[in-house]
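Have a look at the structure below before the remarks.
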Amino acid sequence: MPKISIPQLQERKRTGEPIVMVTAYDYATARAIERAGVDMVLVGDSGAQVHLGHPTTAEVTTEELLVLAAAVSRGTDTAFLVCDVAFGTTEESDAQAVATAVRFVKEARADAVKLEGGNAAKLSRIRAIVAAGIPVVGHVGLTPQTATALGGLRAQGRTGASAARVVEEALGVQEAGAFCVVVEAVPTEVTAVLREVLDIPVIGIGAGPAEGQVLVVDDLLGITEGRTAKFVRAFGSIGDDTVAAISAYAADVRSGAFPGAEHQYAAGEGAVAAARAAATRVLGA
């Protein structure tokens, strides 16, 4: 089956067939996503927190993301692969942004990169990357890399001024050449406006119904510890099952129940005698 293409994704805007997008940060998860028939895989900077243990997404480096992205790429056959760029790797100039995007294409075989925000500088970066022949996914609403400037990890578009900013940025991202846009933590009614005025697909996360949806894989599998965002739904309980399995393993090791006879290899004729003779030679030397 051929890889999903940008024209196919954009056609979903017309046909109404939802786009399914999920994050991944390793080969095994990418293979599971492929088997599940997901349309788009995002190597999100959320991997900074859920897989690398950073307190926020801002700390992750390009090198760290490239390791994650390359692993996911090796496990991805048909899903369209999008990679987040790290904070600080596009902010200085258009040339810096293009150089960063090129690394993800060359070193991780990314199909597209995703940039957060829609201010004038970020739109310039999008234009430059697109002009270099690299597809771009936009991201407006809550932008975690710069959440401090937004007052923290909180919903956007809930006031008149904020809603207007979200719409203006989304339209700007489209005009700059992004082929679709992620909209995060925005009221459903504002997302509906975006869907009316944009020609490109809207992929929501905490933004109500849209042309597509994306979730962090650890959240949807029930792996994430503690409180999760309002928009998260756990579709599994892998975290609890993992703890239970490891606890059972630890208990059996401590009690001597594991490994059992069925998990052990039998020595061939003369192997034990040879082992003892070797030990005697070495210890007696």
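The chains in the structure tokens are called A, B, ... from first to last as shown; in each chain the residues are counted from 1, and the ligands are counted from 1 in the order shown.
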Write out as a tab-separated table the residues of range 96-192 of chain A that have any atom within 9 Å of an atom of range 201-225 of chain A, one row each with the nearest atom pair and its distance in Å to one decimal, counting only C-alpha atoms, sorted by chain and then rising number.
residue	atom	partner	partner_atom	distance
A:Ala155	CA	A:Gly206	CA	8.6
A:Phe179	CA	A:Pro201	CA	7.5
A:Cys180	CA	A:Pro201	CA	4.9
A:Val181	CA	A:Val202	CA	5.2
A:Val182	CA	A:Ile203	CA	4.6
A:Val183	CA	A:Gly204	CA	5.0
A:Glu184	CA	A:Ile205	CA	4.8
A:Ala185	CA	A:Gly206	CA	4.5
A:Val186	CA	A:Ala207	CA	4.7
A:Pro187	CA	A:Ala207	CA	5.7
A:Thr188	CA	A:Gly208	CA	4.6
A:Glu189	CA	A:Gly208	CA	8.2
A:Val190	CA	A:Ala207	CA	8.3
A:Thr191	CA	A:Ala207	CA	6.2
A:Ala192	CA	A:Ala210	CA	7.7
Atoms kept (N, CA and C atoms) for selection, written as an mmCIF file, in the first residue's frame:
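Saved as result_38.cif:
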data_model
loop_
_atom_site.group_PDB
_atom_site.id
_atom_site.type_symbol
_atom_site.label_atom_id
_atom_site.label_comp_id
_atom_site.auth_asym_id
_atom_site.auth_seq_id
_atom_site.Cartn_x
_atom_site.Cartn_y
_atom_site.Cartn_z
ATOM 1 N N ALA A 155 -6.520 26.980 27.565
ATOM 2 C CA ALA A 155 -7.266 27.098 26.312
ATOM 3 C C ALA A 155 -7.153 28.507 25.742
ATOM 4 N N PHE A 179 0.002 23.034 4.471
ATOM 5 C CA PHE A 179 -1.031 22.244 3.788
ATOM 6 C C PHE A 179 -2.128 21.769 4.734
ATOM 7 N N CYS A 180 -1.901 21.871 6.046
ATOM 8 C CA CYS A 180 -2.952 21.646 7.030
ATOM 9 C C CYS A 180 -2.524 22.323 8.325
ATOM 10 N N VAL A 181 -3.420 22.392 9.303
ATOM 11 C CA VAL A 181 -3.097 23.100 10.537
ATOM 12 C C VAL A 181 -3.670 22.358 11.733
ATOM 13 N N VAL A 182 -2.839 22.196 12.758
ATOM 14 C CA VAL A 182 -3.287 21.649 14.033
ATOM 15 C C VAL A 182 -3.833 22.808 14.871
ATOM 16 N N VAL A 183 -5.007 22.609 15.453
ATOM 17 C CA VAL A 183 -5.628 23.622 16.308
ATOM 18 C C VAL A 183 -5.797 23.011 17.686
ATOM 19 N N GLU A 184 -5.128 23.600 18.679
ATOM 20 C CA GLU A 184 -5.092 23.005 20.012
ATOM 21 C C GLU A 184 -5.801 23.861 21.053
ATOM 22 N N ALA A 185 -6.640 23.197 21.856
ATOM 23 C CA ALA A 185 -7.298 23.809 23.016
ATOM 24 C C ALA A 185 -8.027 25.094 22.648
ATOM 25 N N VAL A 186 -8.965 24.960 21.746
ATOM 26 C CA VAL A 186 -9.760 26.083 21.245
ATOM 27 C C VAL A 186 -11.234 25.684 21.308
ATOM 28 N N PRO A 187 -12.133 26.609 21.678
ATOM 29 C CA PRO A 187 -13.555 26.258 21.737
ATOM 30 C C PRO A 187 -14.076 25.698 20.408
ATOM 31 N N THR A 188 -14.995 24.771 20.520
ATOM 32 C CA THR A 188 -15.565 24.125 19.339
ATOM 33 C C THR A 188 -16.136 25.147 18.359
ATOM 34 N N GLU A 189 -16.771 26.180 18.891
ATOM 35 C CA GLU A 189 -17.398 27.187 18.026
ATOM 36 C C GLU A 189 -16.362 27.944 17.201
ATOM 37 N N VAL A 190 -15.211 28.199 17.789
ATOM 38 C CA VAL A 190 -14.158 28.896 17.047
ATOM 39 C C VAL A 190 -13.556 27.964 15.998
ATOM 40 N N THR A 191 -13.401 26.701 16.343
ATOM 41 C CA THR A 191 -12.925 25.720 15.365
ATOM 42 C C THR A 191 -13.887 25.640 14.182
ATOM 43 N N ALA A 192 -15.181 25.738 14.456
ATOM 44 C CA ALA A 192 -16.173 25.701 13.373
ATOM 45 C C ALA A 192 -15.962 26.866 12.409
#
### Message
According to DSSP computed on the backbone, where in range 55-255 of chain A is there helix (DSSP H, G or I)? Give the residues as a ChimeraX atom specification.
### Response
/A:57-59,62-74,94-108,120-131,144-150,160-176,188-197,217-220,238-255
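Across the model, the gap from CA of Ala245 in chain A to CA of Phe258 in chain A is 13.3 Å.
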### Query
Using only C-alpha atoms, which residue out of A:Ala30, A:Ala120, A:Val140, A:Met21 lies closest to Arg74 in chain A?
A:Ala30
### Query
In Å, how far is it from CA of Tyr27 in chain A to CA of Ile134 in chain A?
23.4 Å
### Task
Check the smallest atom-to-atom distance from each of A:Asp26, A:Glu17, A:Asp240, A:Asp39 to Ala69 in chain A using only C-alpha atoms, then report the winner.
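For Ala69 in chain A, the nearest of the candidates is A:Asp26.
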### Message
Using DSSP secondary structure from the backbone, list all strand (DSSP E) positions within range 171-228 of chain A, as a ChimeraX atom specification.
### Response
/A:180-184,202-205,212-215
#### Entry: Atom-to-atom span, CA of Thr78 in chain A and CA of Lys13 in chain A, Å
19.8 Å
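By only C-alpha atoms, and with residues fewer than 5 positions from Glu92 in chain A along its chain excluded, the set lying at most 10 Å from it is Ala97, Ala121 and Arg125 of chain A.
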### Task
Would you mind listing what lies within 8 Å of Ala170 in chain A as a PyMOL selection string, with only C-alpha atoms counted and same-chain residues fewer than 6 positions away left out?
chain A and resi 118+138-140+181+194+198
Create the file for the chosen residues now, containing N, CA and C atoms and written as a PDB file, in the first residue's frame.
ATOM      1  N   GLY A 118       1.758  31.658  14.581  1.00  0.00           N
ATOM      2  CA  GLY A 118       1.396  32.291  13.326  1.00  0.00           C
ATOM      3  C   GLY A 118       1.676  33.777  13.310  1.00  0.00           C
ATOM      4  N   GLY A 138       0.942  23.636  10.080  1.00  0.00           N
ATOM      5  CA  GLY A 138       0.886  24.731  11.035  1.00  0.00           C
ATOM      6  C   GLY A 138       0.320  24.271  12.364  1.00  0.00           C
ATOM      7  N   HIS A 139       0.391  25.143  13.358  1.00  0.00           N
ATOM      8  CA  HIS A 139      -0.128  24.819  14.693  1.00  0.00           C
ATOM      9  C   HIS A 139      -0.495  26.130  15.370  1.00  0.00           C
ATOM     10  N   VAL A 140      -1.800  26.313  15.647  1.00  0.00           N
ATOM     11  CA  VAL A 140      -2.271  27.540  16.289  1.00  0.00           C
ATOM     12  C   VAL A 140      -3.136  27.194  17.499  1.00  0.00           C
ATOM     13  N   VAL A 181      -3.420  22.392   9.303  1.00  0.00           N
ATOM     14  CA  VAL A 181      -3.097  23.100  10.537  1.00  0.00           C
ATOM     15  C   VAL A 181      -3.670  22.358  11.733  1.00  0.00           C
ATOM     16  N   LEU A 194     -13.077  28.336  11.856  1.00  0.00           N
ATOM     17  CA  LEU A 194     -11.861  28.013  11.111  1.00  0.00           C
ATOM     18  C   LEU A 194     -12.154  27.051   9.968  1.00  0.00           C
ATOM     19  N   LEU A 198     -11.117  28.245   6.209  1.00  0.00           N
ATOM     20  CA  LEU A 198      -9.875  27.669   5.719  1.00  0.00           C
ATOM     21  C   LEU A 198     -10.127  26.687   4.584  1.00  0.00           C
TER      22      LEU A 198
END
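Of the residues listed (A:Ser5, A:Thr56, A:Gln49, A:Thr62), A:Thr62 shows the shortest atom-to-atom separation from Ala86 in chain A; distances use only C-alpha atoms.
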### Task
Using only C-alpha atoms, find the one residue out of A:Asp94, A:Glu262, A:Glu116, A:Glu168 that sits nearest to Ala132 in chain A.
A:Asp94
### Message
Applying 9 Å and only C-alpha atoms, which residues near Phe80 in chain A remain after dropping the ones on its own chain fewer than 2 positions away? List them as a list in words.
### Response
Lys3, Ile4, Ser5, Ile6, Val38, Asp39, Met40, Val41, Leu42, Thr76, Asp77, Thr78, Val82, Ala110, Asp111 and Ala112 of chain A
### Task
Would you kindly return, as JSON, numbers by chain, each protein, DNA or RNA residue with an atom no farther than 12 Å from any atom of Gln145 in chain A, considering only C-alpha atoms and excluding same-chain residues fewer than 5 positions away?
{"A": [44, 45, 46, 48, 49, 55, 56, 57, 58, 59, 60, 84, 85, 86, 87, 88, 89, 91, 115, 116, 117, 139, 140, 150, 152, 153]}
### Query
Nearest to Val113 in chain A: which of A:Cys83, A:Ile126, A:Ala277, A:Ile238 is it, counting only C-alpha atoms?
A:Cys83
### Task
Measuring atom to atom with only C-alpha atoms, identify which of A:Gly37, A:Ser93, A:Leu283, A:Ser237 is nearest to Ile129 in chain A.
A:Ser93
